[in-house]
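Novice: Sharing data.pdb (PDB, C-alpha atoms) below.
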```pdb
ATOM      1  CA  MET J   1     -13.034 -31.505  -2.347
ATOM      2  CA  ASN J   2      -9.999 -31.791  -0.159
ATOM      3  CA  ILE J   3      -9.195 -28.481   1.525
ATOM      4  CA  ASP J   4      -5.574 -28.135   2.549
ATOM      5  CA  LYS J   5      -5.705 -24.709   4.175
ATOM      6  CA  THR J   6      -8.365 -22.200   5.162
ATOM      7  CA  LEU J   7      -7.954 -18.441   5.279
ATOM      8  CA  ASP J   8     -10.466 -16.507   7.325
ATOM      9  CA  ALA J   9     -10.594 -13.021   5.775
ATOM     10  CA  LYS J  10     -13.998 -12.140   7.174
ATOM     11  CA  GLY J  11     -14.352  -8.483   8.140
ATOM     12  CA  LEU J  12     -11.176  -7.467   6.323
ATOM     13  CA  ALA J  13     -11.367  -4.596   3.848
ATOM     14  CA  CYS J  14      -9.530  -4.018   0.576
ATOM     15  CA  PRO J  15      -6.633  -4.720  -0.002
ATOM     16  CA  MET J  16      -6.249  -7.223   2.850
ATOM     17  CA  PRO J  17      -8.183 -10.231   1.468
ATOM     18  CA  ILE J  18      -5.951 -10.323  -1.599
ATOM     19  CA  VAL J  19      -2.741  -9.630   0.337
ATOM     20  CA  LYS J  20      -3.526 -12.443   2.797
ATOM     21  CA  THR J  21      -4.576 -14.817   0.017
ATOM     22  CA  LYS J  22      -1.240 -14.283  -1.667
ATOM     23  CA  LYS J  23       0.590 -15.054   1.564
ATOM     24  CA  ALA J  24      -1.549 -18.108   2.266
ATOM     25  CA  ILE J  25      -1.058 -19.613  -1.187
ATOM     26  CA  GLU J  26       2.705 -19.451  -0.649
ATOM     27  CA  ASP J  27       2.260 -21.867   2.259
ATOM     28  CA  ILE J  28       0.669 -24.669   0.225
ATOM     29  CA  ASP J  29       2.011 -26.905  -2.506
ATOM     30  CA  SER J  30       1.060 -26.989  -6.159
ATOM     31  CA  GLY J  31      -2.248 -28.829  -6.649
ATOM     32  CA  GLN J  32      -3.399 -28.214  -3.082
ATOM     33  CA  VAL J  33      -6.571 -26.253  -2.390
ATOM     34  CA  LEU J  34      -6.877 -23.048  -0.380
ATOM     35  CA  GLU J  35     -10.253 -22.036   0.988
ATOM     36  CA  VAL J  36     -10.769 -18.286   1.428
ATOM     37  CA  VAL J  37     -13.709 -16.894   3.364
ATOM     38  CA  ALA J  38     -14.364 -13.159   2.940
ATOM     39  CA  THR J  39     -17.091 -10.604   3.531
ATOM     40  CA  ASP J  40     -15.712  -7.705   1.486
ATOM     41  CA  ALA J  41     -18.185  -7.061  -1.346
ATOM     42  CA  GLY J  42     -15.316  -6.480  -3.776
ATOM     43  CA  ALA J  43     -13.673  -9.801  -2.934
ATOM     44  CA  LYS J  44     -15.522 -11.695  -5.646
ATOM     45  CA  SER J  45     -14.176  -9.713  -8.567
ATOM     46  CA  ASP J  46     -10.839  -9.185  -6.801
ATOM     47  CA  LEU J  47     -10.122 -12.852  -6.205
ATOM     48  CA  THR J  48     -11.458 -13.905  -9.612
ATOM     49  CA  ALA J  49      -9.153 -11.404 -11.321
ATOM     50  CA  TRP J  50      -6.229 -12.339  -9.093
ATOM     51  CA  CYS J  51      -6.584 -16.045  -9.896
ATOM     52  CA  LYS J  52      -6.777 -15.290 -13.600
ATOM     53  CA  SER J  53      -3.586 -13.236 -13.496
ATOM     54  CA  SER J  54      -1.603 -15.477 -11.163
ATOM     55  CA  GLY J  55      -2.586 -18.697 -12.948
ATOM     56  CA  HIS J  56      -4.142 -20.414  -9.931
ATOM     57  CA  GLU J  57      -7.416 -22.154 -10.589
ATOM     58  CA  LEU J  58     -10.579 -20.845  -8.979
ATOM     59  CA  VAL J  59     -12.273 -24.196  -8.594
ATOM     60  CA  ASP J  60     -15.482 -23.064  -6.992
ATOM     61  CA  THR J  61     -17.114 -20.123  -5.249
ATOM     62  CA  ASN J  62     -20.237 -19.690  -3.265
ATOM     63  CA  GLU J  63     -22.051 -16.917  -1.491
ATOM     64  CA  ASP J  64     -24.190 -17.246   1.565
ATOM     65  CA  ASP J  65     -25.721 -14.196   3.229
ATOM     66  CA  GLY J  66     -22.863 -11.842   2.358
ATOM     67  CA  VAL J  67     -20.146 -14.393   3.118
ATOM     68  CA  PHE J  68     -18.109 -15.407   0.091
ATOM     69  CA  THR J  69     -16.189 -18.645  -0.028
ATOM     70  CA  PHE J  70     -13.548 -19.339  -2.648
ATOM     71  CA  TYR J  71     -11.690 -22.532  -3.410
ATOM     72  CA  ILE J  72      -8.371 -21.913  -5.124
ATOM     73  CA  LYS J  73      -6.168 -24.663  -6.453
ATOM     74  CA  LYS J  74      -2.522 -23.656  -6.534
ATOM     75  CA  ALA J  75      -0.897 -23.771  -9.969
TER      76      ALA J  75
ATOM     77  CA  MET C   1      10.413 -18.044 -13.998
ATOM     78  CA  ALA C   2       8.940 -15.214 -16.024
ATOM     79  CA  GLU C   3      10.172 -11.700 -15.326
ATOM     80  CA  LYS C   4       8.037  -9.957 -12.744
ATOM     81  CA  LYS C   5       5.778  -7.133 -13.832
ATOM     82  CA  LYS C   6       6.464  -3.719 -12.390
ATOM     83  CA  THR C   7       4.167  -1.209 -10.779
ATOM     84  CA  ASN C   8       5.476   2.293 -10.152
ATOM     85  CA  ILE C   9       3.647   4.981  -8.267
ATOM     86  CA  ILE C  10       4.768   8.582  -8.002
ATOM     87  CA  LEU C  11       3.350   9.960  -4.805
ATOM     88  CA  PHE C  12       3.366  13.756  -5.084
ATOM     89  CA  SER C  13       0.417  14.413  -2.796
ATOM     90  CA  GLY C  14       0.737  14.841   0.946
ATOM     91  CA  ASP C  15      -2.942  14.151   1.604
ATOM     92  CA  TYR C  16      -3.964  11.256   3.830
ATOM     93  CA  ASP C  17      -6.701   9.998   1.499
ATOM     94  CA  LYS C  18      -4.641  10.144  -1.692
ATOM     95  CA  THR C  19      -1.712   8.497   0.053
ATOM     96  CA  MET C  20      -4.042   5.764   1.247
ATOM     97  CA  ALA C  21      -5.132   5.124  -2.334
ATOM     98  CA  ALA C  22      -1.478   4.947  -3.419
ATOM     99  CA  TYR C  23      -0.573   2.447  -0.705
ATOM    100  CA  ILE C  24      -3.649   0.292  -1.302
ATOM    101  CA  ILE C  25      -2.764   0.020  -4.998
ATOM    102  CA  ALA C  26       0.855  -0.692  -4.096
ATOM    103  CA  ASN C  27      -0.075  -3.473  -1.684
ATOM    104  CA  GLY C  28      -2.540  -4.923  -4.173
ATOM    105  CA  ALA C  29       0.096  -4.929  -6.912
ATOM    106  CA  ALA C  30       2.539  -6.665  -4.568
ATOM    107  CA  ALA C  31      -0.106  -9.351  -4.022
ATOM    108  CA  TYR C  32      -0.104  -9.718  -7.819
ATOM    109  CA  ASP C  33       3.584 -10.454  -7.482
ATOM    110  CA  HIS C  34       4.649  -7.202  -9.104
ATOM    111  CA  ASP C  35       7.881  -5.435  -8.264
ATOM    112  CA  VAL C  36       6.462  -2.290  -6.702
ATOM    113  CA  THR C  37       8.154   1.060  -6.136
ATOM    114  CA  ILE C  38       6.623   4.184  -4.644
ATOM    115  CA  PHE C  39       8.529   7.362  -5.524
ATOM    116  CA  HIS C  40       7.849   9.985  -2.884
ATOM    117  CA  THR C  41       8.346  13.538  -4.063
ATOM    118  CA  PHE C  42       7.314  16.976  -2.773
ATOM    119  CA  TRP C  43       4.475  16.664  -0.219
ATOM    120  CA  GLY C  44       4.463  12.908  -0.636
ATOM    121  CA  LEU C  45       7.725  12.857   1.329
ATOM    122  CA  ASN C  46       5.786  13.642   4.483
ATOM    123  CA  ALA C  47       4.338  10.122   4.446
ATOM    124  CA  LEU C  48       7.884   8.918   5.134
ATOM    125  CA  ARG C  49       8.552  11.362   7.965
ATOM    126  CA  LYS C  50       9.109  10.011  11.429
ATOM    127  CA  ASN C  51       6.671  11.190  14.048
ATOM    128  CA  GLU C  52       9.321  12.123  16.604
ATOM    129  CA  LYS C  53      10.594  15.695  16.803
ATOM    130  CA  LEU C  54      14.134  15.701  15.513
ATOM    131  CA  GLN C  55      16.463  18.678  15.451
ATOM    132  CA  PRO C  56      18.894  18.213  12.594
ATOM    133  CA  LYS C  57      20.951  21.237  11.600
ATOM    134  CA  LYS C  58      18.810  23.387   9.317
ATOM    135  CA  SER C  59      18.579  26.868   7.845
ATOM    136  CA  PHE C  60      15.790  29.223   8.946
ATOM    137  CA  MET C  61      13.637  28.449   5.895
ATOM    138  CA  GLU C  62      14.131  24.728   6.291
ATOM    139  CA  LYS C  63      13.054  24.962   9.923
ATOM    140  CA  MET C  64       9.897  26.842   8.894
ATOM    141  CA  PHE C  65       9.041  24.199   6.299
ATOM    142  CA  GLY C  66       9.693  21.474   8.821
ATOM    143  CA  LYS C  67       7.310  23.052  11.297
ATOM    144  CA  MET C  68       4.535  23.608   8.760
ATOM    145  CA  MET C  69       4.540  20.105   7.299
ATOM    146  CA  PRO C  70       2.987  17.077   8.997
ATOM    147  CA  ARG C  71       5.371  14.715  10.769
ATOM    148  CA  GLY C  72       4.408  11.345   9.390
ATOM    149  CA  ALA C  73       1.531   9.650   7.622
ATOM    150  CA  ASP C  74      -0.854   9.721  10.554
ATOM    151  CA  ASN C  75      -0.728  13.509  10.766
ATOM    152  CA  MET C  76      -1.475  14.255   7.139
ATOM    153  CA  PRO C  77      -4.595  16.253   6.177
ATOM    154  CA  LEU C  78      -7.433  15.158   3.902
ATOM    155  CA  SER C  79      -7.702  16.478   0.338
ATOM    156  CA  LYS C  80     -11.383  17.252   0.955
ATOM    157  CA  MET C  81     -13.382  17.984   4.101
ATOM    158  CA  GLN C  82     -10.387  18.784   6.289
ATOM    159  CA  PHE C  83     -12.616  20.912   8.609
ATOM    160  CA  LEU C  84      -9.650  22.303  10.563
ATOM    161  CA  GLY C  85      -8.525  18.851  11.597
ATOM    162  CA  MET C  86     -11.933  17.345  12.346
ATOM    163  CA  GLY C  87     -12.086  15.631   8.938
ATOM    164  CA  PRO C  88      -9.183  13.222   9.519
ATOM    165  CA  LYS C  89     -10.588  12.309  12.950
ATOM    166  CA  MET C  90     -13.970  11.563  11.381
ATOM    167  CA  ILE C  91     -12.584   9.482   8.550
ATOM    168  CA  LYS C  92     -10.358   7.477  10.894
ATOM    169  CA  GLY C  93     -13.458   6.669  12.953
ATOM    170  CA  VAL C  94     -15.340   5.523   9.871
ATOM    171  CA  MET C  95     -12.350   3.486   8.709
ATOM    172  CA  LYS C  96     -12.196   1.693  12.037
ATOM    173  CA  LYS C  97     -15.884   0.848  11.758
ATOM    174  CA  HIS C  98     -15.377  -0.626   8.284
ATOM    175  CA  ASN C  99     -12.162  -2.376   9.224
ATOM    176  CA  ALA C 100     -10.142  -0.448   6.637
ATOM    177  CA  MET C 101      -6.433  -0.380   7.377
ATOM    178  CA  PRO C 102      -5.100   2.925   8.710
ATOM    179  CA  LEU C 103      -2.388   4.519   6.593
ATOM    180  CA  PRO C 104       0.531   3.770   8.966
ATOM    181  CA  ASP C 105      -0.449   0.081   8.876
ATOM    182  CA  LEU C 106      -0.618   0.163   5.075
ATOM    183  CA  ILE C 107       2.923   1.530   5.035
ATOM    184  CA  ASP C 108       4.107  -1.235   7.389
ATOM    185  CA  MET C 109       2.364  -3.780   5.156
ATOM    186  CA  ALA C 110       4.126  -2.302   2.123
ATOM    187  CA  LYS C 111       7.502  -2.791   3.806
ATOM    188  CA  GLU C 112       6.551  -6.321   4.757
ATOM    189  CA  GLN C 113       5.726  -7.033   1.114
ATOM    190  CA  ASP C 114       9.141  -5.723   0.030
ATOM    191  CA  ILE C 115       7.748  -2.688  -1.736
ATOM    192  CA  THR C 116      10.540  -0.216  -2.445
ATOM    193  CA  LEU C 117       9.919   3.150  -0.824
ATOM    194  CA  LEU C 118      12.034   5.768  -2.495
ATOM    195  CA  ALA C 119      12.502   9.398  -1.526
ATOM    196  CA  CYS C 120      13.321  12.048  -4.129
ATOM    197  CA  THR C 121      16.500  13.755  -2.957
ATOM    198  CA  MET C 122      16.008  16.951  -4.957
ATOM    199  CA  THR C 123      12.685  17.742  -3.272
ATOM    200  CA  MET C 124      14.095  16.660   0.095
ATOM    201  CA  ASP C 125      16.599  19.476  -0.347
ATOM    202  CA  LEU C 126      13.875  21.957  -1.351
ATOM    203  CA  LEU C 127      11.724  21.141   1.653
ATOM    204  CA  GLY C 128      14.722  20.845   3.949
ATOM    205  CA  LEU C 129      14.043  17.244   4.914
ATOM    206  CA  LYS C 130      17.055  15.292   6.165
ATOM    207  CA  LYS C 131      17.591  11.568   5.897
ATOM    208  CA  GLU C 132      17.427  11.125   9.662
ATOM    209  CA  GLU C 133      13.902  12.570   9.661
ATOM    210  CA  LEU C 134      12.624   9.925   7.253
ATOM    211  CA  LEU C 135      11.891   6.271   7.917
ATOM    212  CA  ASP C 136      14.805   3.858   8.012
ATOM    213  CA  ASP C 137      15.268   1.261   5.244
ATOM    214  CA  ILE C 138      14.103   3.489   2.412
ATOM    215  CA  GLU C 139      15.950   4.279  -0.780
ATOM    216  CA  TYR C 140      16.952   7.587  -2.296
ATOM    217  CA  GLY C 141      16.990   8.662  -5.906
ATOM    218  CA  GLY C 142      15.976  11.078  -8.605
ATOM    219  CA  VAL C 143      14.169  11.143 -11.919
ATOM    220  CA  ALA C 144      16.518   8.607 -13.489
ATOM    221  CA  ALA C 145      15.633   6.075 -10.801
ATOM    222  CA  TYR C 146      11.976   6.501 -11.717
ATOM    223  CA  ILE C 147      12.543   6.296 -15.475
ATOM    224  CA  ALA C 148      14.627   3.147 -15.080
ATOM    225  CA  GLU C 149      11.700   1.430 -13.345
ATOM    226  CA  GLY C 150       8.965   3.296 -15.223
ATOM    227  CA  GLU C 151      10.110   2.490 -18.765
ATOM    228  CA  ASP C 152       9.146  -1.133 -18.313
ATOM    229  CA  GLY C 153       6.365  -0.633 -15.822
ATOM    230  CA  ALA C 154       3.074  -2.433 -16.386
ATOM    231  CA  ILE C 155       1.388   0.207 -14.246
ATOM    232  CA  ASN C 156       2.642   3.765 -13.797
ATOM    233  CA  LEU C 157       0.638   6.165 -11.685
ATOM    234  CA  PHE C 158       1.008   9.745 -10.548
ATOM    235  CA  ILE C 159      -0.928  10.506  -7.416
TER     236      ILE C 159
END
```
Show me the file's structure as structure tokens.
Specialist:
Amino acid sequence: MNIDKTLDAKGLACPMPIVKTKKAIEDIDSGQVLEVVATDAGAKSDLTAWCKSSGHELVDTNEDDGVFTFYIKKA
Amino acid sequence: MAEKKKTNIILFSGDYDKTMAAYIIANGAAAYDHDVTIFHTFWGLNALRKNEKLQPKKSFMEKMFGKMMPRGADNMPLSKMQFLGMGPKMIKGVMKKHNAMPLPDLIDMAKEQDITLLACTMTMDLLGLKKEELLDDIEYGGVAAYIAEGEDGAINLFI
């Protein structure tokens, strides 16, 4: 997968991962992929719900030792 | 483009923790691309107070109220476990450890996200708060301003 931008949201607590993701997605073009790395335990449901509501596609997620990585394709 | 959804929060409380909840929801809703308004009324107005000591012309009662209420978000008490001022110190320490945003930063973030901060003028009069004592770039209104936003709000909260 081609990653066009990466957002490091590690260590940030609610609501910052979602606020920063929103800002970051404004910087990329439709069809491009944003990678978000977060450690907030709520980030998984937060970002999944946010993608569903905003229409962006959550292409893939993975979790490694408390670090969540999300790949979001801009609608 | 589809019409934006609206989130409206009435902030009645002047407690640090409840105000934090209000501002976290507001910032989250803004990230959902909602039009967000926070209506500050009664004790919730204190979140908008400037920290500096200002001396606008006031009646005796208004001066008393002004002295008894916290000047600004960072000086507000907790709704539980206040412990004569120790509580807020403790929670701010814990927040720092967990990287949670302090309330003044959440308010700055709200402004950055174009959230409308509105002060209720009727309760400003009751509590003797003057415009110059509140943050700049806020709006002023009454119940009609809330209803206008609230009647087509996707989320309406009273905190």
Novice: Give as a ChimeraX atom specification every residue of chain C that touches chain J within 7 Å, counting all atoms listed in the file.
Specialist: /C:24,27-28,31-32,99-100
Novice: Env of Arg49 of chain C: 8 Å cut, atoms = all atoms listed in the file, seq-sep filter 2 positions within chain, self excluded. Answer as a list in words.
Specialist: Leu45, Asn46, Ala47, Asn51, Arg71, Gly72, Ala73, Glu133, Leu134 and Leu135 of chain C
Novice: Residue by residue, what does the PyMOL selection byres ((chain C and resi 56-60) around 10) grab here? Present the result as an NGL selection string.
Specialist: :C and (53-55 or 61-66 or 128-133)
Novice: Expand the PyMOL selection byres ((chain J and resi 56-71) around 9) into the individual residues it matches in the shown file, reporting them as JSON, numbers by chain.
Specialist: {"J": [3, 10, 33, 34, 35, 36, 37, 38, 39, 40, 41, 43, 44, 47, 48, 50, 51, 52, 53, 54, 55, 72, 73, 74, 75]}
Novice: How far is it from atom CA of His98 of chain C to atom CA of Asp114 of chain C, in Å with one decimal?
Specialist: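 Spanning atom CA of His98 of chain C to atom CA of Asp114 of chain C is a straight-line distance of 26.4 Å.
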Novice: Please provide the set of residues having any atom within 7 Å of Asn8 of chain C, restricted to only C-alpha atoms, with same-chain residues fewer than 3 positions apart removed, written as a list in words.
Specialist: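 Residues meeting the cut-off are Val36, Thr37, Ile38, Gly150, Gly153, Ile155, Asn156 and Leu157 of chain C.
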Novice: Save the residues we just selected, C-alpha atoms, as a compact mmCIF listing (two decimals), in the frame of the given file?
Specialist:
```
# COMPACT_ATOMS: atom_id res chain seq x y z
CA VAL C 36 6.46 -2.29 -6.70
CA THR C 37 8.15 1.06 -6.14
CA ILE C 38 6.62 4.18 -4.64
CA GLY C 150 8.96 3.30 -15.22
CA GLY C 153 6.36 -0.63 -15.82
CA ILE C 155 1.39 0.21 -14.25
CA ASN C 156 2.64 3.76 -13.80
CA LEU C 157 0.64 6.16 -11.68
```
Novice: Using the chain letters and numbers from the file, which residues does the PyMOL selection byres ((chain C and resi 117) around 10) grab, as number ranges by chain?
Specialist: C: 9, 36-40, 48, 107, 110-111, 114-116, 118-119, 135, 137-140
Novice: Would you work out the distance separating atom CA of Leu11 of chain C from atom CA of Leu84 of chain C, expressed in Å to one decimal?
Specialist: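 Between atom CA of Leu11 of chain C and atom CA of Leu84 of chain C the gap works out to 23.6 Å.
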Novice: If I take atom CA of Phe83 of chain C and atom CA of Ile25 of chain C, how far is one from the other in Å, to one decimal?
Specialist: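 So the answer is 26.8 Å.
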Novice: Of the candidates C:Ile10, C:Pro70, C:Glu3, C:Tyr23, which shows the shortest atom-to-atom distance to Ile147 of chain C, using only C-alpha atoms?
Specialist: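 Among the listed residues, C:Ile10 lies closest to Ile147 of chain C.
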